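Trainee: Got a file for you: upload_2.cif, mmCIF, C-alpha atoms.
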data_model
#
loop_
_atom_site.label_atom_id
_atom_site.label_comp_id
_atom_site.auth_asym_id
_atom_site.auth_seq_id
_atom_site.Cartn_x
_atom_site.Cartn_y
_atom_site.Cartn_z
CA MET A 30 0.00 0.00 0.00
CA ASP A 31 1.21 3.51 -0.79
CA VAL A 32 0.96 5.64 2.33
CA LEU A 33 1.37 9.40 2.61
CA MET A 34 1.99 10.76 6.07
CA GLY A 35 1.62 14.44 7.00
CA LEU A 36 4.02 15.61 9.68
CA GLY A 37 3.78 18.79 11.76
CA GLY A 38 6.29 19.87 14.35
CA SER A 39 4.77 18.76 17.65
CA ASP A 40 5.61 15.90 20.01
CA GLU A 41 2.46 14.19 18.78
CA SER A 42 3.84 14.39 15.25
CA ILE A 43 6.99 12.54 16.29
CA LYS A 44 4.87 9.87 17.96
CA THR A 45 2.75 9.55 14.83
CA LEU A 46 5.89 9.11 12.74
CA ARG A 47 7.25 6.40 15.06
CA ARG A 48 3.97 4.50 14.92
CA THR A 49 3.81 4.85 11.17
CA ILE A 50 7.37 3.58 10.78
CA GLU A 51 6.51 0.53 12.91
CA ARG A 52 3.47 -0.17 10.78
CA THR A 53 5.38 0.36 7.55
CA LYS A 54 7.93 -2.27 8.59
CA GLU A 55 5.26 -4.74 9.68
CA VAL A 56 3.29 -4.67 6.46
CA ASP A 57 5.93 -3.53 4.00
CA ASP A 58 4.10 -0.39 2.88
CA GLU A 59 5.57 2.27 0.63
CA LEU A 60 5.88 5.41 2.74
CA THR A 61 6.12 9.06 1.78
CA VAL A 62 6.54 11.60 4.57
CA ALA A 63 5.37 15.16 3.89
CA ILE A 64 6.79 17.82 6.23
CA LEU A 65 4.11 20.49 6.66
CA GLU A 66 4.60 24.21 7.15
CA LYS A 67 3.41 25.12 10.63
CA PRO A 68 5.21 28.28 11.74
CA GLU A 69 3.64 28.14 15.21
CA SER A 70 4.94 24.66 16.07
CA LYS A 71 7.94 24.09 18.25
CA ARG A 72 10.19 22.56 15.61
CA SER A 73 11.01 24.07 12.21
CA GLN A 74 10.38 22.23 8.95
CA GLU A 75 14.14 21.75 8.54
CA GLU A 76 14.43 20.24 12.03
CA MET A 77 11.51 17.95 11.30
CA ARG A 78 12.97 16.88 7.96
CA GLU A 79 16.24 15.92 9.63
CA ARG A 80 14.40 14.17 12.45
CA ALA A 81 12.27 12.19 10.02
CA GLU A 82 15.24 11.18 7.87
CA THR A 83 17.14 10.01 10.95
CA LEU A 84 14.22 7.95 12.25
CA LEU A 85 13.65 6.42 8.81
CA GLU A 86 17.33 5.56 8.40
CA ASP A 87 17.47 4.03 11.88
CA ALA A 88 14.49 1.87 10.97
CA ASP A 89 16.08 1.00 7.64
CA ILE A 90 13.12 2.28 5.66
CA ASP A 91 13.58 3.73 2.22
CA ALA A 92 10.93 6.44 2.30
CA GLU A 93 10.67 9.67 0.38
CA VAL A 94 10.64 12.84 2.49
CA VAL A 95 9.12 15.96 0.92
CA VAL A 96 8.74 19.45 2.34
CA LEU A 97 5.41 21.13 1.54
CA GLU A 98 4.96 24.90 1.68
CA GLY A 99 1.72 26.74 2.35
CA ASP A 100 -1.44 25.92 4.28
CA PRO A 101 -0.71 22.51 5.79
CA GLY A 102 -4.08 20.82 5.28
CA SER A 103 -4.49 22.05 1.75
CA ALA A 104 -0.89 21.31 0.78
CA LEU A 105 -1.17 17.75 2.08
CA VAL A 106 -4.44 17.03 0.28
CA ASP A 107 -3.08 18.58 -2.95
CA TYR A 108 -0.02 16.38 -2.76
CA ALA A 109 -2.17 13.32 -2.10
CA GLU A 110 -4.30 14.11 -5.14
CA GLN A 111 -1.28 14.37 -7.41
CA GLY A 112 0.15 11.02 -6.36
CA GLU A 113 -1.12 7.47 -6.29
CA PHE A 114 -1.68 7.04 -2.60
CA ASP A 115 -3.97 4.53 -0.91
CA GLN A 116 -3.98 6.10 2.51
CA LEU A 117 -3.23 9.38 4.24
CA VAL A 118 -1.90 9.28 7.81
CA ILE A 119 -2.00 12.18 10.26
CA GLY A 120 -1.85 12.63 14.01
CA GLY A 121 -5.07 11.87 15.84
CA GLY A 122 -5.43 14.94 18.00
CA THR A 123 -3.95 16.47 21.11
CA LEU A 124 -5.10 16.06 24.69
CA SER A 125 -6.47 18.98 26.68
CA PRO A 126 -5.52 19.37 30.37
CA MET A 127 -8.76 17.53 31.16
CA GLY A 128 -7.78 14.67 28.88
CA LYS A 129 -10.25 15.56 26.13
CA ILE A 130 -9.13 14.72 22.64
CA GLN A 131 -9.02 17.81 20.48
CA LEU A 132 -8.90 17.75 16.71
CA GLY A 133 -7.59 20.89 15.08
CA PRO A 134 -8.53 22.64 11.84
CA ILE A 135 -5.89 20.79 9.81
CA THR A 136 -7.34 17.43 10.82
CA GLU A 137 -10.82 18.59 9.94
CA PHE A 138 -9.71 19.87 6.53
CA VAL A 139 -7.87 16.66 5.71
CA LEU A 140 -10.74 14.42 6.85
CA LEU A 141 -13.25 16.31 4.76
CA ASN A 142 -11.14 16.88 1.65
CA ALA A 143 -8.79 13.93 1.28
CA PRO A 144 -9.38 11.71 -1.78
CA THR A 145 -8.23 8.63 0.13
CA THR A 146 -8.87 6.84 3.39
CA VAL A 147 -7.45 8.85 6.29
CA LYS A 148 -5.87 7.25 9.33
CA LEU A 149 -5.65 9.13 12.63
CA VAL A 150 -2.85 7.87 14.86
CA ARG A 151 -3.29 7.91 18.64
CA MET B 29 -0.06 40.61 38.46
CA SER B 30 -2.04 39.53 35.46
CA GLY B 31 -1.30 36.57 33.27
CA THR B 32 -1.39 36.21 29.54
CA TYR B 33 -4.16 34.03 28.25
CA GLU B 34 -3.98 31.72 25.29
CA ARG B 35 -7.69 31.94 24.54
CA ASP B 36 -10.23 34.70 24.01
CA TYR B 37 -12.57 35.61 26.86
CA PRO B 38 -15.74 37.70 27.00
CA ASP B 39 -15.20 41.38 27.80
CA ASP B 40 -17.79 41.30 30.56
CA SER B 41 -17.52 39.29 33.74
CA SER B 42 -20.23 36.90 34.88
CA GLY B 43 -21.33 36.15 38.40
CA PRO B 44 -20.91 36.17 41.28
CA PHE B 45 -22.26 32.64 41.53
CA PRO B 46 -23.39 30.86 44.70
CA ALA B 47 -20.75 28.65 46.27
CA PRO B 48 -21.20 25.23 47.88
CA PRO B 49 -22.49 23.66 49.98
CA THR B 50 -26.15 23.69 49.04
CA THR B 51 -29.10 21.35 49.03
CA PHE B 52 -31.96 21.61 46.57
CA GLU B 53 -34.80 19.59 45.13
CA ASP B 54 -34.28 18.61 41.50
CA GLY B 55 -36.94 18.61 38.77
CA ASP B 56 -38.04 15.13 39.78
CA GLY B 57 -38.41 16.03 43.44
CA ARG B 58 -35.19 14.35 44.58
CA PRO B 59 -33.12 16.08 47.27
CA ILE B 60 -29.66 16.80 45.87
CA ASP B 61 -26.70 17.77 48.02
CA VAL B 62 -23.83 19.73 46.44
CA ARG B 63 -20.44 20.03 48.09
CA ALA B 64 -16.89 21.01 47.26
CA PRO B 65 -14.75 18.37 48.94
CA ASP B 66 -11.77 19.68 50.91
CA SER B 67 -9.76 16.83 49.50
CA PHE B 68 -10.54 14.95 46.30
CA ASP B 69 -8.94 11.84 47.79
CA ALA B 70 -11.82 11.64 50.25
CA VAL B 71 -14.42 11.34 47.48
CA ILE B 72 -12.54 9.73 44.62
CA ASP B 73 -13.96 6.25 45.25
CA ASP B 74 -17.52 7.55 45.03
CA VAL B 75 -16.74 9.61 41.93
CA VAL B 76 -15.11 6.61 40.24
CA GLY B 77 -18.33 4.73 41.00
CA MET B 78 -20.40 7.39 39.25
CA TYR B 79 -18.26 7.30 36.11
CA ASP B 80 -18.29 3.51 36.13
CA ALA B 81 -22.10 3.70 35.99
CA PHE B 82 -22.02 6.41 33.31
CA ASP B 83 -23.48 5.35 29.95
CA PRO B 84 -20.53 5.30 27.52
CA THR B 85 -22.77 6.50 24.67
CA ASP B 86 -22.69 9.92 26.36
CA ARG B 87 -18.92 10.16 26.36
CA ALA B 88 -17.42 13.26 24.82
CA GLN B 89 -13.99 13.61 23.23
CA GLY B 90 -12.71 10.48 24.89
CA ILE B 91 -13.82 11.20 28.46
CA PRO B 92 -14.80 9.67 30.74
CA PRO B 93 -12.82 6.55 29.90
CA THR B 94 -14.49 3.19 30.54
CA GLY B 95 -13.55 0.58 33.12
CA GLU B 96 -12.85 1.28 36.76
CA ASP B 97 -9.05 1.21 36.48
CA ARG B 98 -8.93 3.60 33.56
CA ILE B 99 -11.45 5.92 35.21
CA ARG B 100 -9.41 6.00 38.42
CA ASN B 101 -6.21 6.59 36.51
CA TRP B 102 -7.79 9.47 34.57
CA LEU B 103 -9.14 11.11 37.73
CA GLU B 104 -5.88 10.68 39.63
CA THR B 105 -3.94 12.20 36.75
CA ILE B 106 -6.04 15.34 36.59
CA SER B 107 -7.19 15.76 40.18
CA GLY B 108 -3.93 16.89 41.75
CA GLU B 109 -4.53 20.60 41.26
CA SER B 110 -8.17 20.52 40.22
CA ILE B 111 -11.27 22.15 41.67
CA ASN B 112 -14.20 19.80 42.19
CA VAL B 113 -17.86 19.87 43.11
CA VAL B 114 -19.88 16.74 43.68
CA ALA B 115 -23.67 16.28 43.72
CA ARG B 116 -25.18 13.43 45.71
CA HIS B 117 -28.59 11.83 46.05
CA ASP B 118 -29.09 9.42 48.95
CA GLY B 119 -25.33 9.41 49.44
CA ASP B 120 -24.50 8.33 45.90
CA VAL B 121 -22.61 10.66 43.57
CA VAL B 122 -24.92 11.56 40.67
CA ALA B 123 -22.98 14.42 39.09
CA HIS B 124 -19.44 15.80 39.12
CA ALA B 125 -17.94 19.00 37.75
CA MET B 126 -14.33 20.09 37.77
CA LEU B 127 -11.81 22.66 36.70
CA VAL B 128 -8.33 21.58 35.65
CA PRO B 129 -5.54 24.17 35.39
CA ASP B 130 -3.90 24.70 32.02
CA ALA B 131 -0.41 25.36 33.34
CA ASP B 132 2.78 23.43 33.91
CA GLU B 133 3.12 24.72 37.45
CA PRO B 134 -0.35 25.43 38.80
CA PRO B 135 -0.61 27.79 41.75
CA ALA B 136 -1.34 26.64 45.26
CA LEU B 137 -4.95 27.24 46.25
CA ASP B 138 -6.32 28.05 49.66
CA LEU B 139 -9.23 25.64 49.83
CA GLY B 140 -10.26 26.38 53.38
CA GLU B 141 -9.82 24.18 56.43
CA ASN B 142 -7.73 21.50 54.80
CA GLU B 143 -4.79 22.61 52.76
CA ASN B 144 -4.48 20.97 49.40
CA GLU B 145 -1.39 18.95 50.10
CA ASN B 146 -0.56 18.46 46.44
CA ALA B 147 -0.44 22.16 45.77
CA GLY B 148 2.44 23.07 48.01
CA GLU B 149 4.91 23.89 45.26
CA GLU B 150 5.92 27.49 44.85
CA SER B 151 4.39 28.95 41.75
CA PRO B 152 4.85 32.49 40.49
CA LEU B 153 1.28 32.50 39.21
CA GLY B 154 -1.94 33.01 41.11
CA PRO B 155 -5.19 31.18 40.25
CA GLY B 156 -6.40 34.24 38.32
CA ASP B 157 -3.31 34.24 36.14
CA ILE B 158 -3.98 30.93 34.45
CA GLU B 159 -6.80 29.34 32.47
CA TRP B 160 -8.95 26.52 33.81
CA GLU B 161 -10.65 23.86 31.70
CA LEU B 162 -14.15 22.87 32.77
CA ALA B 163 -15.98 19.56 32.46
CA ILE B 164 -19.27 18.44 33.94
CA PHE B 165 -21.00 15.06 33.86
CA VAL B 166 -24.47 14.18 35.12
CA LEU B 167 -25.45 10.52 35.46
CA GLN B 168 -28.05 9.65 32.84
CA GLU B 169 -31.01 9.04 35.13
CA TYR B 170 -30.41 12.45 36.75
CA GLN B 171 -30.23 14.42 33.52
CA ARG B 172 -32.95 16.91 32.50
CA ALA B 173 -33.71 17.68 36.14
CA GLY B 174 -31.82 20.94 36.52
CA ILE B 175 -28.85 19.41 38.34
CA GLY B 176 -26.32 20.43 35.69
CA THR B 177 -27.28 24.09 35.91
CA VAL B 178 -27.02 24.17 39.70
CA LEU B 179 -23.76 22.22 39.73
CA LEU B 180 -22.23 24.44 37.05
CA LYS B 181 -23.09 27.59 38.99
CA GLN B 182 -21.81 26.08 42.23
CA LEU B 183 -18.53 25.15 40.55
CA LEU B 184 -18.13 28.69 39.21
CA GLY B 185 -19.04 30.09 42.63
CA HIS B 186 -16.41 27.90 44.23
CA ALA B 187 -13.91 28.89 41.54
CA GLY B 188 -14.56 32.58 42.14
CA SER B 189 -14.04 32.17 45.87
CA VAL B 190 -10.54 30.77 45.33
CA GLY B 191 -9.58 33.51 42.85
CA ILE B 192 -10.14 31.80 39.49
CA THR B 193 -11.17 34.24 36.75
CA HIS B 194 -10.69 32.55 33.37
CA VAL B 195 -12.56 29.33 32.56
CA TRP B 196 -12.93 27.60 29.19
CA LEU B 197 -14.31 24.37 27.79
CA THR B 198 -14.91 22.55 24.56
CA VAL B 199 -18.18 20.94 23.60
CA GLU B 200 -19.24 19.00 20.52
CA ARG B 201 -20.84 21.43 18.06
CA TRP B 202 -24.02 19.38 17.72
CA ASN B 203 -24.61 19.31 21.46
CA ASN B 204 -27.09 22.17 21.54
CA PRO B 205 -28.54 21.43 25.01
CA ALA B 206 -25.07 21.65 26.55
CA ILE B 207 -24.17 24.80 24.60
CA ALA B 208 -27.45 26.42 25.69
CA LEU B 209 -26.71 25.52 29.32
CA TYR B 210 -23.25 27.06 29.15
CA GLU B 211 -24.61 30.19 27.48
CA ARG B 212 -27.28 30.59 30.18
CA VAL B 213 -24.64 30.94 32.88
CA GLY B 214 -22.51 33.37 30.86
CA PHE B 215 -20.19 31.36 28.61
CA GLU B 216 -19.64 32.76 25.14
CA ARG B 217 -18.60 30.90 22.00
CA THR B 218 -14.95 31.53 21.19
CA GLY B 219 -12.32 29.99 18.88
CA GLY B 220 -14.35 28.90 15.87
CA GLU B 221 -11.53 27.04 14.14
CA SER B 222 -11.60 23.62 15.75
CA PHE B 223 -13.72 20.53 15.42
CA GLU B 224 -15.23 21.21 18.81
CA GLN B 225 -16.92 24.40 19.95
CA GLU B 226 -14.73 26.31 22.38
CA MET B 227 -16.51 28.44 24.98
CA ALA B 228 -15.18 30.74 27.67
CA ILE B 229 -16.36 32.77 30.65
CA ARG B 230 -14.74 35.55 32.65
CA LEU B 231 -15.48 35.52 36.36
CA GLU B 232 -15.68 38.59 38.55
CA PRO B 233 -12.59 38.61 40.76
CA THR B 234 -13.92 38.09 44.27
CA ASP B 235 -11.50 39.20 46.94
CA GLY B 236 -13.08 36.83 49.38
CA GLY B 237 -11.80 38.71 52.44
CA GLU B 238 -12.95 35.96 54.81
CA SER B 239 -9.90 33.74 54.36
CA ASP B 240 -6.58 34.88 55.75
CA SER B 241 -4.98 36.08 52.54
CA SER B 242 -1.68 34.32 53.04
CA GLN B 243 -0.95 34.17 49.36
CA THR B 244 2.55 35.24 48.51
CA GLU B 245 2.72 38.45 46.57
#
Could you render the structure from this file as structure tokens?

Mentor:
Amino acid sequence: MDVLMGLGGSDESIKTLRRTIERTKEVDDELTVAILEKPESKRSQEEMRERAETLLEDADIDAEVVVLEGDPGSALVDYAEQGEFDQLVIGGGTLSPMGKIQLGPITEFVLLNAPTTVKLVR
Amino acid sequence: MSGTYERDYPDDSSGPFPAPPTTFEDGDGRPIDVRAPDSFDAVIDDVVGMYDAFDPTDRAQGIPPTGEDRIRNWLETISGESINVVARHDGDVVAHAMLVPDADEPPALDLGENENENAGEESPLGPGDIEWELAIFVLQEYQRAGIGTVLLKQLLGHAGSVGITHVWLTVERWNNPAIALYERVGFERTGGESFEQEMAIRLEPTDGGESDSSQTE
């Protein structure tokens, strides 16, 4: 299966990437990692690209890493539409202090606009 | 000292609200007793029992979790610095509302007779400097009897008496009864960007002069 994963710059994003790498190894998927532009997040796109490449190398996975500019949700869906992907993978929300799961506007955009099945990783 | 707040709040303050304890008769004629426990440890078993009996179809955004162990773990994780009010009927907990601080180092609160032992750490912030997330759950067979409204006001009254001024919550956008309840007590819709509806209320600072104001300046 051809999988496209969208990666922001949060701790949750790193967790999502680790989970996705595990899954990719288990089922031998083809993985593409798209680094999204989120100026407000704690890590820059360049930091995230390096982090992703390191984690992929450590796991011995030959995945393509692309950096997408512009609105993150829209850029990810556009990229998915241009390629031949079977599934889009994104983080499955953050936890509020109360422990409530919160889905942000990027998640909503991707869920509503993606041409493929979308997987939310918890 | 005033904090900086991550979210938007109404310009006007709401309240003051009545603070616990109180006893009232609900819409079905049941006597309901509302209290703010001095220590959450003293009531946690009863509150776990309420959530264990809670119908999981009414869960919202992943809470409450199901199963006694997961419920207890969730409550223990968030209860350290939280503000709680509990409603009982015939001794059983039938509703619970709480405020959880949105801060890495929440301030110590003066909760009255018993000091909150978990909140002894020095914090540069006072309770009015940080934002507090609200949640309220009413056991199914006690819903639609006015308990939620009373409990919500009592929680806000209790919050005001310990110096809390900024309270927010999220609610599923389709949940019109809940949104209407929050609006009735003074919450306004804020942050329209997310999946869930965010709402916020500003509380009148109440310099409750009755307690010895031993807060560090």

Trainee: Could you state which residues are captured by the PyMOL selection byres ((chain B) within 7 of (chain A)) in this file, as a VMD selection string?

Mentor: chain B and resid 89 to 91 106 128 to 130 161 221 to 223

Trainee: Residues picked by the PyMOL selection byres ((chain A and resi 105-119) around 9) here, as JSON, numbers by chain?

Mentor: {"A": [30, 31, 32, 33, 34, 35, 36, 37, 42, 45, 46, 49, 63, 64, 65, 97, 100, 101, 102, 103, 104, 120, 121, 122, 136, 138, 139, 142, 143, 144, 145, 146, 147, 148, 149, 150]}

Trainee: Given the file above and the PyMOL selection byres ((chain B and resi 228-234) around 7), which residues are selected, and can you give them as a PyMOL selection string?

Mentor: chain B and resi 37-38+40-44+188-189+191+193-197+214-218+226-227+235-236

Trainee: State, in Å with one decimal place, the distance from CA of Asp80 (chain B) to CA of Ser110 (chain B).

Mentor: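 Calculated distance between CA of Asp80 (chain B) and CA of Ser110 (chain B) is 20.2 Å.
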
Trainee: Name the residues in contact with region 96-103 of chain B at a cut-off of 10 Å, using only C-alpha atoms, excluding same-chain residues fewer than 4 positions from it; report them as a PDB file with C-alpha atoms, in the coordinates of the input.

Mentor:
ATOM      1  CA  MET A 127      -8.760  17.530  31.160  1.00  0.00           C
ATOM      2  CA  GLY A 128      -7.780  14.670  28.880  1.00  0.00           C
TER       3      GLY A 128
ATOM      4  CA  PHE B  68     -10.540  14.950  46.300  1.00  0.00           C
ATOM      5  CA  ILE B  72     -12.540   9.730  44.620  1.00  0.00           C
ATOM      6  CA  ASP B  73     -13.960   6.250  45.250  1.00  0.00           C
ATOM      7  CA  VAL B  75     -16.740   9.610  41.930  1.00  0.00           C
ATOM      8  CA  VAL B  76     -15.110   6.610  40.240  1.00  0.00           C
ATOM      9  CA  GLY B  77     -18.330   4.730  41.000  1.00  0.00           C
ATOM     10  CA  MET B  78     -20.400   7.390  39.250  1.00  0.00           C
ATOM     11  CA  TYR B  79     -18.260   7.300  36.110  1.00  0.00           C
ATOM     12  CA  ASP B  80     -18.290   3.510  36.130  1.00  0.00           C
ATOM     13  CA  ALA B  81     -22.100   3.700  35.990  1.00  0.00           C
ATOM     14  CA  ILE B  91     -13.820  11.200  28.460  1.00  0.00           C
ATOM     15  CA  PRO B  92     -14.800   9.670  30.740  1.00  0.00           C
ATOM     16  CA  SER B 107      -7.190  15.760  40.180  1.00  0.00           C
ATOM     17  CA  GLY B 108      -3.930  16.890  41.750  1.00  0.00           C
ATOM     18  CA  SER B 110      -8.170  20.520  40.220  1.00  0.00           C
TER      19      SER B 110
END

Trainee: Out of B:Gln225, B:Thr198, B:Gln171, B:Gln182, which residue has the shortest atom-to-atom distance to Asp56 (chain B) when counting all atoms listed in the file?

Mentor: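 Selected residue with least distance to Asp56 (chain B): B:Gln171.
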
Trainee: Between CA of Pro93 (chain B) and CA of Val166 (chain B), what distance in Å does the model show, to one decimal?

Mentor: 14.9 Å

Trainee: In Å to one decimal, how far is CA of Thr50 (chain B) from CA of Val62 (chain B)?

Mentor: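 Taking CA of Val62 (chain B) and CA of Thr50 (chain B), their separation equals 5.3 Å.
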
Trainee: For Ala92 (chain A), which residue among A:Leu141, A:Val56, A:Val62, A:Ile43 is the nearest when counting only C-alpha atoms?

Mentor: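 Nearest candidate to Ala92 (chain A) out of A:Leu141, A:Val56, A:Val62, A:Ile43: A:Val62.
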
Trainee: Taking 5 positions as the minimum chain separation for residues in the same chain, which residues sit within 10 Å of Gly55 (chain B) when counting only C-alpha atoms? Answer as an MDAnalysis selection string.

Mentor: chainID B and resid 170:175

Trainee: Now that the selection is made, can you save its residues with C-alpha atoms as a JSON list (two decimals), in the frame of the given file?

Mentor:
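Result written to part35.json:
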[["chain", "number", "residue", "atom", "x", "y", "z"],
["B", 170, "TYR", "CA", -30.41, 12.45, 36.75],
["B", 171, "GLN", "CA", -30.23, 14.42, 33.52],
["B", 172, "ARG", "CA", -32.95, 16.91, 32.50],
["B", 173, "ALA", "CA", -33.71, 17.68, 36.14],
["B", 174, "GLY", "CA", -31.82, 20.94, 36.52],
["B", 175, "ILE", "CA", -28.85, 19.41, 38.34]]
